[in-house]
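Next comes my_file-v3.cif, a file with mmCIF, C-alpha atoms.
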```cif
data_data
#
loop_
_atom_site.group_PDB
_atom_site.id
_atom_site.type_symbol
_atom_site.label_atom_id
_atom_site.label_comp_id
_atom_site.auth_asym_id
_atom_site.auth_seq_id
_atom_site.Cartn_x
_atom_site.Cartn_y
_atom_site.Cartn_z
ATOM 1 C CA MET A 27 115.054 152.519 40.306
ATOM 2 C CA ASN A 28 112.660 149.561 40.437
ATOM 3 C CA ARG A 29 110.830 151.202 43.323
ATOM 4 C CA LEU A 30 110.463 154.359 41.289
ATOM 5 C CA ARG A 31 108.931 152.385 38.458
ATOM 6 C CA VAL A 32 106.528 150.591 40.771
ATOM 7 C CA ILE A 33 105.379 153.820 42.417
ATOM 8 C CA GLY A 34 105.073 155.464 39.033
ATOM 9 C CA VAL A 35 102.931 152.635 37.724
ATOM 10 C CA VAL A 36 100.755 152.665 40.851
ATOM 11 C CA LEU A 37 100.203 156.398 40.580
ATOM 12 C CA LEU A 38 99.473 156.302 36.880
ATOM 13 C CA LEU A 39 97.079 153.389 37.296
ATOM 14 C CA ALA A 40 95.319 155.358 39.994
ATOM 15 C CA LEU A 41 95.155 158.492 37.921
ATOM 16 C CA LEU A 42 94.521 157.453 34.352
ATOM 17 C CA PRO A 43 91.473 155.179 34.416
ATOM 18 C CA ALA A 44 89.511 157.494 36.647
ATOM 19 C CA CYS A 45 90.061 160.578 34.588
ATOM 20 C CA THR A 46 87.898 162.098 31.986
ATOM 21 C CA ASP A 47 89.577 163.335 28.836
ATOM 22 C CA SER A 48 90.912 166.539 30.303
ATOM 23 C CA ARG A 49 94.641 167.172 30.632
ATOM 24 C CA LEU A 50 93.781 169.894 33.085
ATOM 25 C CA GLU A 51 91.968 167.465 35.353
ATOM 26 C CA LYS A 52 94.794 164.962 35.310
ATOM 27 C CA ALA A 53 97.349 167.641 36.106
ATOM 28 C CA ALA A 54 95.169 168.994 38.935
ATOM 29 C CA LYS A 55 94.833 165.523 40.460
ATOM 30 C CA GLY A 56 98.572 164.979 40.246
ATOM 31 C CA LEU A 57 99.265 168.328 41.886
ATOM 32 C CA LEU A 58 96.818 167.707 44.710
ATOM 33 C CA LEU A 59 98.311 164.290 45.379
ATOM 34 C CA THR A 60 101.839 165.694 45.278
ATOM 35 C CA SER A 61 100.953 168.493 47.697
ATOM 36 C CA LYS A 62 99.705 165.933 50.222
ATOM 37 C CA LEU A 63 102.760 163.729 49.755
ATOM 38 C CA VAL A 64 105.080 166.694 50.405
ATOM 39 C CA ALA A 65 103.119 167.517 53.564
ATOM 40 C CA GLU A 66 103.683 163.948 54.757
ATOM 41 C CA LEU A 67 107.381 164.082 53.940
ATOM 42 C CA GLN A 68 107.867 167.354 55.813
ATOM 43 C CA THR A 69 106.080 166.015 58.883
ATOM 44 C CA THR A 70 108.172 162.834 58.757
ATOM 45 C CA VAL A 71 111.442 164.758 58.513
ATOM 46 C CA ILE A 72 110.557 167.283 61.226
ATOM 47 C CA GLN A 73 109.570 164.521 63.631
ATOM 48 C CA ALA A 74 112.634 162.443 62.754
ATOM 49 C CA GLU A 75 114.928 165.402 63.396
ATOM 50 C CA GLU A 76 113.272 166.028 66.750
ATOM 51 C CA GLN A 77 113.908 162.398 67.667
ATOM 52 C CA ASN A 78 117.538 162.573 66.459
ATOM 53 C CA LEU A 79 116.820 159.971 63.787
ATOM 54 C CA VAL A 80 118.143 162.336 61.141
ATOM 55 C CA SER A 81 120.840 164.983 61.375
ATOM 56 C CA GLU A 82 119.796 168.628 61.380
ATOM 57 C CA GLU A 83 121.850 169.218 58.235
ATOM 58 C CA THR A 84 120.178 166.382 56.322
ATOM 59 C CA ALA A 85 116.753 167.499 57.518
ATOM 60 C CA ALA A 86 117.589 171.001 56.277
ATOM 61 C CA ASP A 87 118.613 169.600 52.872
ATOM 62 C CA VAL A 88 115.270 167.806 52.553
ATOM 63 C CA MET A 89 113.353 170.869 53.725
ATOM 64 C CA ARG A 90 115.143 173.085 51.198
ATOM 65 C CA LEU A 91 114.139 170.607 48.501
ATOM 66 C CA CYS A 92 110.569 170.700 49.805
ATOM 67 C CA VAL A 93 110.619 174.496 49.544
ATOM 68 C CA ARG A 94 111.482 174.197 45.840
ATOM 69 C CA ILE A 95 108.802 171.533 45.250
ATOM 70 C CA ASN A 96 106.187 173.661 47.010
ATOM 71 C CA GLN A 97 107.151 176.758 45.058
ATOM 72 C CA ALA A 98 106.908 174.886 41.750
ATOM 73 C CA GLY A 99 103.637 173.268 42.812
ATOM 74 C CA GLU A 100 102.131 176.574 43.862
ATOM 75 C CA PHE A 101 103.243 178.129 40.577
ATOM 76 C CA ALA A 102 101.675 175.289 38.575
ATOM 77 C CA SER A 103 98.423 175.438 40.565
ATOM 78 C CA SER A 104 98.119 179.190 40.151
ATOM 79 C CA ILE A 105 98.683 179.009 36.379
ATOM 80 C CA LEU A 106 96.278 176.115 35.814
ATOM 81 C CA LYS A 107 93.579 177.776 37.920
ATOM 82 C CA THR A 108 93.360 180.682 35.515
ATOM 83 C CA LEU A 109 92.801 178.454 32.485
ATOM 84 C CA GLU A 110 89.535 177.163 31.136
ATOM 85 C CA LYS A 111 91.352 175.131 28.555
ATOM 86 C CA LEU A 112 94.980 174.153 28.638
ATOM 87 C CA ASP A 113 97.143 175.969 26.110
ATOM 88 C CA GLU A 114 100.587 174.850 24.995
ATOM 89 C CA PRO A 115 102.591 177.849 26.332
ATOM 90 C CA SER A 116 101.119 177.336 29.809
ATOM 91 C CA ALA A 117 101.777 173.594 29.664
ATOM 92 C CA GLU A 118 105.360 174.212 28.562
ATOM 93 C CA ALA A 119 105.929 176.824 31.296
ATOM 94 C CA ILE A 120 104.699 174.433 33.982
ATOM 95 C CA ILE A 121 106.709 171.503 32.649
ATOM 96 C CA ALA A 122 109.797 173.733 32.538
ATOM 97 C CA ALA A 123 109.225 174.746 36.171
ATOM 98 C CA LEU A 124 108.695 171.157 37.326
ATOM 99 C CA ARG A 125 111.596 169.577 35.413
ATOM 100 C CA PRO A 126 114.562 170.803 37.520
ATOM 101 C CA VAL A 127 112.698 170.167 40.757
ATOM 102 C CA THR A 128 111.811 166.626 39.666
ATOM 103 C CA ALA A 129 115.468 166.053 38.755
ATOM 104 C CA SER A 130 116.576 167.310 42.175
ATOM 105 C CA VAL A 131 114.168 164.921 43.884
ATOM 106 C CA GLY A 132 115.692 162.099 41.827
ATOM 107 C CA ASP A 133 119.187 163.234 42.823
ATOM 108 C CA ALA A 134 118.170 163.170 46.479
ATOM 109 C CA VAL A 135 116.865 159.610 46.113
ATOM 110 C CA ASN A 136 120.004 158.494 44.270
ATOM 111 C CA SER A 137 122.245 160.080 46.905
ATOM 112 C CA GLY A 138 121.236 157.228 49.187
ATOM 113 C CA LEU A 139 120.187 159.695 51.889
ATOM 114 C CA LEU A 140 123.272 158.769 53.871
ATOM 115 C CA GLY A 141 122.618 161.527 56.384
ATOM 116 C CA VAL A 142 119.557 159.632 57.581
ATOM 117 C CA LYS A 143 121.174 157.205 60.003
ATOM 118 C CA ASN A 144 118.035 155.376 61.049
ATOM 119 C CA GLU A 145 117.202 152.730 58.462
ATOM 120 C CA ALA A 146 113.426 152.782 58.872
ATOM 121 C CA THR A 147 113.384 156.578 58.611
ATOM 122 C CA ARG A 148 115.659 156.443 55.575
ATOM 123 C CA ASP A 149 113.260 154.016 53.843
ATOM 124 C CA LYS A 150 110.303 156.222 54.734
ATOM 125 C CA VAL A 151 111.980 159.362 53.382
ATOM 126 C CA ARG A 152 113.155 157.552 50.251
ATOM 127 C CA LEU A 153 109.660 156.209 49.554
ATOM 128 C CA ALA A 154 108.113 159.623 50.106
ATOM 129 C CA LEU A 155 110.608 161.200 47.718
ATOM 130 C CA LEU A 156 109.938 158.514 45.106
ATOM 131 C CA ALA A 157 106.194 159.031 45.416
ATOM 132 C CA ILE A 158 106.661 162.808 45.059
ATOM 133 C CA GLN A 159 108.875 162.293 42.021
ATOM 134 C CA SER A 160 106.174 160.100 40.478
ATOM 135 C CA GLY A 161 103.517 162.673 41.319
ATOM 136 C CA LEU A 162 105.503 165.435 39.630
ATOM 137 C CA ASN A 163 106.141 163.193 36.633
ATOM 138 C CA SER A 164 102.431 162.397 36.388
ATOM 139 C CA VAL A 165 101.649 166.129 36.222
ATOM 140 C CA ALA A 166 104.222 166.671 33.488
ATOM 141 C CA LEU A 167 102.966 163.620 31.587
ATOM 142 C CA ALA A 168 99.356 164.780 31.834
ATOM 143 C CA LEU A 169 100.329 168.203 30.494
ATOM 144 C CA ALA A 170 102.552 166.814 27.776
ATOM 145 C CA ILE A 171 100.502 163.936 26.406
ATOM 146 C CA GLY A 172 97.062 164.423 27.845
ATOM 147 C CA GLY A 173 94.499 161.736 27.216
ATOM 148 C CA MET B 4 110.880 138.141 51.578
ATOM 149 C CA LEU B 5 112.743 141.398 51.157
ATOM 150 C CA THR B 6 110.889 142.050 47.924
ATOM 151 C CA ALA B 7 107.570 141.399 49.635
ATOM 152 C CA ILE B 8 108.466 143.807 52.435
ATOM 153 C CA ALA B 9 109.543 146.413 49.911
ATOM 154 C CA LEU B 10 106.274 146.031 48.003
ATOM 155 C CA LEU B 11 104.259 146.336 51.206
ATOM 156 C CA GLN B 12 106.211 149.431 52.170
ATOM 157 C CA LEU B 13 105.509 150.888 48.749
ATOM 158 C CA PHE B 14 101.829 150.110 49.069
ATOM 159 C CA ASN B 15 101.648 151.592 52.552
ATOM 160 C CA ALA B 16 103.428 154.709 51.382
ATOM 161 C CA ALA B 17 101.246 155.204 48.336
ATOM 162 C CA ALA B 18 97.891 153.962 49.679
ATOM 163 C CA PRO B 19 96.849 157.024 51.716
ATOM 164 C CA GLY B 20 97.384 159.295 48.741
ATOM 165 C CA ILE B 21 95.623 156.933 46.362
ATOM 166 C CA ALA B 22 92.694 156.490 48.732
ATOM 167 C CA GLU B 23 92.287 160.242 48.990
ATOM 168 C CA LEU B 24 92.444 160.486 45.244
ATOM 169 C CA ILE B 25 89.737 157.855 44.754
ATOM 170 C CA LEU B 26 87.487 159.655 47.234
ATOM 171 C CA LEU B 27 88.181 162.871 45.396
ATOM 172 C CA ILE B 28 87.260 161.334 42.061
ATOM 173 C CA ARG B 29 83.988 159.959 43.431
ATOM 174 C CA LYS B 30 82.845 163.362 44.612
ATOM 175 C CA THR B 31 79.933 165.009 42.879
ATOM 176 C CA ASP B 32 78.734 162.005 40.895
ATOM 177 C CA GLY B 33 81.975 161.567 39.068
ATOM 178 C CA THR B 34 82.193 165.130 37.871
ATOM 179 C CA ILE B 35 85.286 166.873 39.101
ATOM 180 C CA ALA B 36 85.529 170.546 39.807
ATOM 181 C CA ILE B 37 89.027 171.462 38.745
ATOM 182 C CA VAL B 38 89.290 174.889 40.339
ATOM 183 C CA PRO B 39 88.460 173.698 43.883
ATOM 184 C CA MET B 40 90.969 170.887 43.416
ATOM 185 C CA LEU B 41 93.636 173.358 42.336
ATOM 186 C CA ASP B 42 92.642 175.672 45.185
ATOM 187 C CA GLU B 43 93.181 172.817 47.602
ATOM 188 C CA ALA B 44 96.512 171.883 46.027
ATOM 189 C CA GLY B 45 97.653 175.514 46.031
ATOM 190 C CA ALA B 46 96.640 175.984 49.666
ATOM 191 C CA GLN B 47 98.428 172.783 50.654
ATOM 192 C CA PHE B 48 101.608 173.811 48.822
ATOM 193 C CA LYS B 49 101.411 177.229 50.503
ATOM 194 C CA ALA B 50 100.985 175.674 53.954
ATOM 195 C CA ASN B 51 103.862 173.282 53.249
ATOM 196 C CA LEU B 52 106.022 176.186 52.135
ATOM 197 C CA ALA B 53 105.290 178.136 55.323
ATOM 198 C CA GLN B 54 106.080 175.089 57.462
ATOM 199 C CA ALA B 55 109.356 174.398 55.643
ATOM 200 C CA THR B 56 110.579 178.006 55.677
ATOM 201 C CA ASP B 57 109.628 178.413 59.337
ATOM 202 C CA TRP B 58 111.535 175.234 60.205
ATOM 203 C CA LEU B 59 114.596 176.391 58.256
ATOM 204 C CA LYS B 60 114.508 179.809 59.928
ATOM 205 C CA ALA B 61 114.098 178.278 63.373
ATOM 206 C CA HIS B 62 117.155 176.110 62.748
ATOM 207 C CA GLY B 63 119.218 178.905 61.269
ATOM 208 C CA LYS B 64 119.345 177.204 57.869
ATOM 209 C CA SER B 65 117.456 179.690 55.769
ATOM 210 C CA GLY B 66 120.522 181.376 54.304
#
```
Could you express the structure from this file as structure tokens?
Amino acid sequence: MNRLRVIGVVLLLALLPACTDSRLEKAAKGLLLTSKLVAELQTTVIQAEEQNLVSEETAADVMRLCVRINQAGEFASSILKTLEKLDEPSAEAIIAALRPVTASVGDAVNSGLLGVKNEATRDKVRLALLAIQSGLNSVALALAIGG
Amino acid sequence: MLTAIALLQLFNAAAPGIAELILLIRKTDGTIAIVPMLDEAGAQFKANLAQATDWLKAHGKSG
């Protein structure tokens, strides 16, 4: 939990001061960052599975979660791209799409990732998931409270 | 010591993303084009999705 808070603070500190006053901009930055973090996580898990550092079943669980994150991220990007100014129904639709995925990422972190037998790999996957969770939360926060 | 290691791990995990973000923000004299940023995010999510679904199919885990 403490790690989550630290990552969240780091991400928000990185995002907030540099932004202009646009909720749309903040959400776009959060989405772009999240997309890159998911790419890193997938690469980590694929390589770890190839090296037998993680079971195939656990790798599949993480990849299925990544599928859901990517689908929600793609949905959010496609909606935001059509907007010149953020409207409340669009913001609510995106937040509603991100919420269950963000919760699932949190569940994965809290599960302890016991299927990842290698400790260093487990830490790497856990950190990546925490960073993704913070990225998704930063998008939702930007859409909900703006600046 | 463990806390210091954990903090370093956190920094190392978050730094590449943050560095990219800072570079992104500095583009075009501080003005940020939102649509290209969303295009890039959308394309990255799409590529990630293809990679993940291909991996799941290849391992017989797509069902």
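Closest approach to Ser48 in chain A from the set A:Leu155, A:Ala170, A:Val71, A:Val135 is made by A:Ala170, with distances taken over all atoms listed in the file.
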**OP:** Could you expand the PyMOL selection byres ((chain A and resi 53-69) around 6) into the explicit residues it covers here, written as a ChimeraX atom specification?
**Re:** /A:50-52,70-72,154,158,161,165,168 /B:41,44,47-48,51
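The residues caught by the PyMOL selection byres ((chain B and resi 58-64) around 10) in this file are Gln68, Ile72, Glu82, Glu83, Ala85, Ala86, Asp87, Met89, Arg90 and Val93 of chain A; Leu52, Ala53, Gln54, Ala55, Thr56, Asp57, Ser65 and Gly66 of chain B.
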**OP:** Write out as a PyMOL selection string which residues come within 12 Å of Pro115 in chain A when counting only C-alpha atoms, dropping same-chain ones fewer than 5 positions away.
**Re:** chain A and resi 105-106+109+120-122+169-170
Subject >> For Val80 in chain A: contacts at 9 Å, only C-alpha atoms, fewer than 2 positions along chain excluded, given as a PyMOL selection string >> reply: chain A and resi 71+74-78+82-85+141-144+147-148
Original post:
On this structure, which residues satisfy the PyMOL selection byres ((chain A and resi 127) around 8), written as a list of chain:residue names?
Top reply: A:Leu91, A:Arg94, A:Ile95, A:Ala98, A:Ala123, A:Leu124, A:Arg125, A:Pro126, A:Thr128, A:Ala129, A:Ser130, A:Val131
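Of the residues under consideration (A:Asp113, A:Glu118, A:Asp149, A:Asp133), A:Asp149 shows the shortest atom-to-atom contact distance to chain B when counting all atoms listed in the file.
CA of Asp42 in chain B is positioned 26.6 Å from CA of Val151 in chain A.
Here CA of Lys107 in chain A and CA of Ser164 in chain A stand 17.8 Å from one another.
Of note, CA of Leu167 in chain A and CA of Glu100 in chain A are spaced 17.9 Å apart.
Here the question is which of A:Ala146, A:Leu139, A:Ile171, A:Ala166 gets nearest to chain B using all atoms listed in the file, and that residue is A:Ala146.
Using only C-alpha atoms, the smallest distance between any of A:Leu162, A:Leu140, A:Val88, A:Leu79 and chain B comes from A:Val88.
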